[in-house]
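S.K.: Pasting upload_15.cif below, which is mmCIF, C-alpha atoms.
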data_my_file
#
loop_
_atom_site.label_atom_id
_atom_site.label_comp_id
_atom_site.auth_asym_id
_atom_site.auth_seq_id
_atom_site.Cartn_x
_atom_site.Cartn_y
_atom_site.Cartn_z
CA MET A 1 -82.93 130.04 112.54
CA ALA A 2 -81.10 127.64 114.87
CA ALA A 3 -82.17 124.05 115.11
CA LYS A 4 -83.85 122.74 118.25
CA LEU A 5 -81.36 121.61 120.87
CA SER A 6 -81.56 117.95 121.89
CA TYR A 7 -79.88 116.52 124.98
CA ARG A 8 -80.09 112.90 123.85
CA PRO A 9 -76.92 110.81 123.45
CA LYS A 10 -75.24 111.26 120.04
CA SER A 11 -76.84 114.72 119.59
CA LYS A 12 -74.52 117.43 118.28
CA VAL A 13 -74.14 120.57 120.41
CA LEU A 14 -72.05 123.72 120.30
CA HIS A 15 -69.80 124.46 123.29
CA ARG A 16 -66.87 126.91 123.36
CA ASP A 17 -67.28 127.47 119.61
CA ARG A 18 -66.69 123.79 118.86
CA VAL A 19 -69.05 120.98 117.90
CA TRP A 20 -69.39 118.25 120.54
CA THR A 21 -71.43 115.06 120.79
CA ILE A 22 -73.49 114.30 123.88
CA VAL A 23 -72.33 110.98 125.36
CA ARG A 24 -74.74 110.65 128.30
CA ALA A 25 -76.51 112.52 131.06
CA VAL A 26 -74.53 112.83 134.29
CA THR A 27 -77.07 114.67 136.42
CA PRO A 28 -80.47 116.16 135.56
CA THR A 29 -78.71 119.40 134.60
CA SER A 30 -75.34 118.24 133.24
CA VAL A 31 -74.12 116.01 130.42
CA LEU A 32 -70.89 114.35 129.38
CA ILE A 33 -69.84 115.65 125.96
CA GLU A 34 -67.08 114.62 123.57
CA ASP A 35 -65.34 116.90 121.05
CA THR A 36 -66.01 115.46 117.60
CA THR A 37 -62.52 116.25 116.29
CA THR A 38 -60.16 115.77 119.25
CA GLY A 39 -61.98 113.17 121.34
CA GLU A 40 -61.68 115.43 124.42
CA THR A 41 -64.48 114.94 126.95
CA ASP A 42 -66.04 117.34 129.44
CA VAL A 43 -68.97 117.45 131.85
CA VAL A 44 -70.95 120.65 131.33
CA ASN A 45 -74.17 122.26 132.47
CA VAL A 46 -76.87 122.03 129.80
CA THR A 47 -77.38 125.80 130.00
CA ASP A 48 -73.86 126.24 128.55
CA LEU A 49 -74.77 124.39 125.35
CA GLN A 50 -76.12 125.78 122.09
CA SER A 51 -77.56 124.21 118.99
CA PRO A 52 -74.97 124.13 116.18
CA GLU A 53 -75.80 125.31 112.70
CA PRO A 54 -75.81 122.53 110.06
CA LYS A 55 -72.69 124.04 108.44
CA GLU A 56 -70.80 123.79 111.74
CA VAL A 57 -71.75 120.14 112.15
CA GLU A 58 -70.64 119.36 108.58
CA ALA A 59 -67.36 121.25 109.04
CA ALA A 60 -66.63 119.29 112.24
CA ARG A 61 -67.45 116.02 110.48
CA ARG A 62 -65.16 116.87 107.59
CA SER A 63 -62.29 117.94 109.86
CA SER A 64 -62.33 114.67 111.74
CA PRO A 65 -59.28 112.49 111.16
CA ARG A 66 -59.44 110.29 108.11
CA PRO A 67 -57.12 107.50 107.08
CA LYS A 68 -54.29 108.68 104.89
CA ASP A 69 -53.80 105.31 103.25
CA GLU A 70 -53.47 104.58 99.54
CA GLN A 71 -56.82 102.82 99.41
CA SER A 72 -58.65 105.98 100.56
CA LEU A 73 -56.69 108.09 98.11
CA ALA A 74 -57.48 105.69 95.28
CA GLU A 75 -61.19 105.84 96.16
CA ALA A 76 -61.11 109.65 96.23
CA LYS A 77 -59.46 109.67 92.79
CA ARG A 78 -62.08 107.23 91.45
CA ARG A 79 -64.86 109.46 92.74
CA MET A 80 -63.18 112.52 91.22
CA GLU A 81 -63.06 110.85 87.81
CA ILE A 82 -66.80 110.21 88.05
CA ILE A 83 -67.74 113.76 89.06
CA LYS A 84 -65.17 115.70 87.00
CA PRO A 85 -67.36 115.95 83.86
CA LEU A 86 -70.30 117.03 86.01
CA LEU A 87 -68.62 119.96 87.76
CA ASP A 88 -69.34 122.29 84.84
CA VAL A 89 -72.96 121.17 84.54
CA PRO A 90 -75.30 123.82 86.01
CA GLU A 91 -76.94 122.88 89.30
CA GLY A 92 -80.43 121.47 88.88
CA ARG A 93 -79.53 119.54 85.71
CA THR A 94 -80.32 116.06 86.92
CA GLU A 95 -80.28 114.25 83.55
CA ALA A 96 -76.49 114.30 83.26
CA VAL A 97 -76.05 113.30 86.91
CA GLU A 98 -78.58 110.48 86.60
CA ALA A 99 -76.82 109.13 83.51
CA ALA A 100 -73.40 109.30 85.17
CA ALA A 101 -74.73 107.63 88.32
CA LYS A 102 -76.26 104.81 86.33
CA SER A 103 -73.07 104.17 84.35
CA ALA A 104 -70.98 104.24 87.58
CA GLY A 105 -73.38 101.91 89.38
CA ILE A 106 -74.15 104.32 92.23
CA SER A 107 -77.23 106.19 93.31
CA THR A 108 -78.02 109.65 92.04
CA ALA A 109 -78.15 110.92 95.63
CA THR A 110 -74.62 109.64 96.27
CA LEU A 111 -73.34 111.37 93.16
CA PHE A 112 -75.00 114.65 94.11
CA ARG A 113 -73.46 114.31 97.59
CA TRP A 114 -69.96 113.82 96.11
CA ILE A 115 -70.39 116.85 93.85
CA LYS A 116 -71.53 118.98 96.80
CA LEU A 117 -68.63 117.76 98.97
CA TYR A 118 -66.12 118.67 96.28
CA ARG A 119 -67.72 122.04 95.50
CA ASP A 120 -67.87 122.95 99.20
CA GLY A 121 -64.35 121.78 100.04
CA GLY A 122 -62.50 122.15 96.75
CA GLN A 123 -60.02 119.40 97.59
CA LEU A 124 -59.65 115.80 96.51
CA SER A 125 -59.46 114.70 100.16
CA TYR A 126 -63.10 115.71 100.64
CA LEU A 127 -64.04 112.79 98.39
CA ALA A 128 -62.14 110.24 100.48
CA PRO A 129 -64.35 107.88 102.47
CA LEU A 130 -64.77 108.81 106.11
CA ARG A 131 -63.68 106.39 108.78
CA ARG A 132 -66.70 105.14 110.68
CA GLY A 133 -66.83 105.33 114.46
CA ARG A 134 -64.75 107.37 116.80
CA ALA A 135 -60.99 107.22 117.08
CA MET A 136 -60.03 104.70 119.69
CA PRO A 137 -56.75 104.65 121.60
CA SER A 138 -54.57 101.66 120.95
CA ARG A 139 -54.96 98.76 123.33
CA LEU A 140 -51.59 97.35 122.39
CA ASP A 141 -48.60 97.56 124.65
CA ALA A 142 -46.11 100.28 123.63
CA LYS A 143 -43.52 97.60 122.74
CA VAL A 144 -45.96 96.03 120.31
CA GLU A 145 -46.78 99.43 118.77
CA THR A 146 -43.12 100.17 118.00
CA VAL A 147 -42.34 96.85 116.37
CA SER A 148 -43.40 96.56 112.76
CA GLY A 149 -43.64 93.43 110.69
CA ARG A 150 -43.98 90.98 113.56
CA SER A 151 -47.22 89.37 114.65
CA GLN A 152 -48.61 89.95 118.12
CA ALA A 153 -48.50 86.24 118.81
CA SER A 154 -44.76 86.02 118.10
CA LEU A 155 -44.12 89.03 120.33
CA LEU A 156 -46.13 87.59 123.19
CA SER A 157 -44.40 84.21 122.95
CA ALA A 158 -40.99 85.94 122.84
CA GLU A 159 -41.72 87.73 126.14
CA ARG A 160 -42.51 84.46 127.97
#
Can you present the structure in this file as structure tokens?

M.R.:
Amino acid sequence: MAAKLSYRPKSKVLHRDRVWTIVRAVTPTSVLIEDTTTGETDVVNVTDLQSPEPKEVEAARRSSPRPKDEQSLAEAKRRMEIIKPLLDVPEGRTEAVEAAAKSAGISTATLFRWIKLYRDGGQLSYLAPLRRGRAMPSRLDAKVETVSGRSQASLLSAER
């Protein structure tokens, strides 16, 4: 059974077989939506929208860009080391998970979430922390973007 469709800002909707987020109402019958993975926006009639299934929303969330830095990879590896002994434990066995969560200093719910993420995705990258917020375009000048190792202040003073 599909979930009830909401037209409020930040609600997830299905349009053209992709998950979008409602940004705001434009007219009484149309809304501005943003693709959760590409950042593309579109104004659509509300009759063209459907309620996404929870699996579709989770898949879109997981496919969103994540930082590929060493810190994220290290955190994913740390999480994997915590859950690795629990992957063979049958589901519903909370004693082992509770003990592991307590020794790791995290909540049991968090540990169950990590186990589910790994079981559903099967890849280490699924355990990497997600970047919060939406991807924003750079506000820096193209010259500043191409130069590495120099501060913005030194570049600005050099142009004067």

S.K.: Mind checking which residues fall within 10 Å of region 99-103 of chain A, counting all atoms listed in the file, ignoring those fewer than 6 positions away in the same chain, and posting them as a PyMOL selection string?

M.R.: chain A and resi 82-83+85-86+109-112

S.K.: Name the residues that the PyMOL selection byres ((chain A and resi 117) around 12) pulls out of this structure, and write them as a PyMOL selection string.

M.R.: chain A and resi 58-59+61-62+76+79-80+83+87+110-116+118-129

S.K.: Residues near Val44 (chain A), anyone? I mean within 8 Å using all atoms listed in the file, not counting same-chain ones fewer than 2 positions away, as an NGL selection string.

M.R.: :A and (30-33 or 42 or 46 or 48)

S.K.: Might you spell out which residues the PyMOL selection byres ((chain A and resi 9) around 6) would select in the displayed file, as a count of residues only?

M.R.: 6

S.K.: Identify which of the residues A:Arg18, A:Glu75, A:Tyr7, A:Lys84 lies closest to Asn45 (chain A), counting only C-alpha atoms when measuring atom-to-atom distances.

M.R.: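 When distances to Asn45 (chain A) are compared using only C-alpha atoms, the smallest one comes from A:Tyr7.
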
S.K.: Please compute the CA of Leu73 (chain A)-CA of Leu130 (chain A) distance, one decimal, in Å.

M.R.: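 So the answer is 11.4 Å.
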
S.K.: So what do you get for CA of His15 (chain A) versus CA of Gly39 (chain A), distance-wise?

M.R.: 13.9 Å

S.K.: Report, in Å to a single decimal, how far apart CA of Asp35 (chain A) and CA of Thr21 (chain A) are.

M.R.: 6.4 Å

S.K.: Using all atoms of region 36-51 of chain A that appear in the file, construct an axis-aligned enclosing box with 8 Å of padding on every side and provide its centre coordinates and edge lengths in Å, rounded to one decimal, as JSON.

M.R.:
{"center_x": -68.9, "center_y": 119.7, "center_z": 124.4, "size_x": 33.4, "size_y": 29.1, "size_z": 32.2}

S.K.: Could you list, as a PyMOL selection string, every residue within 10 Å of Gln50 (chain A), counting only C-alpha atoms and ignoring same-chain residues fewer than 3 positions away?

M.R.: chain A and resi 2-6+12-17+19+46-47+53
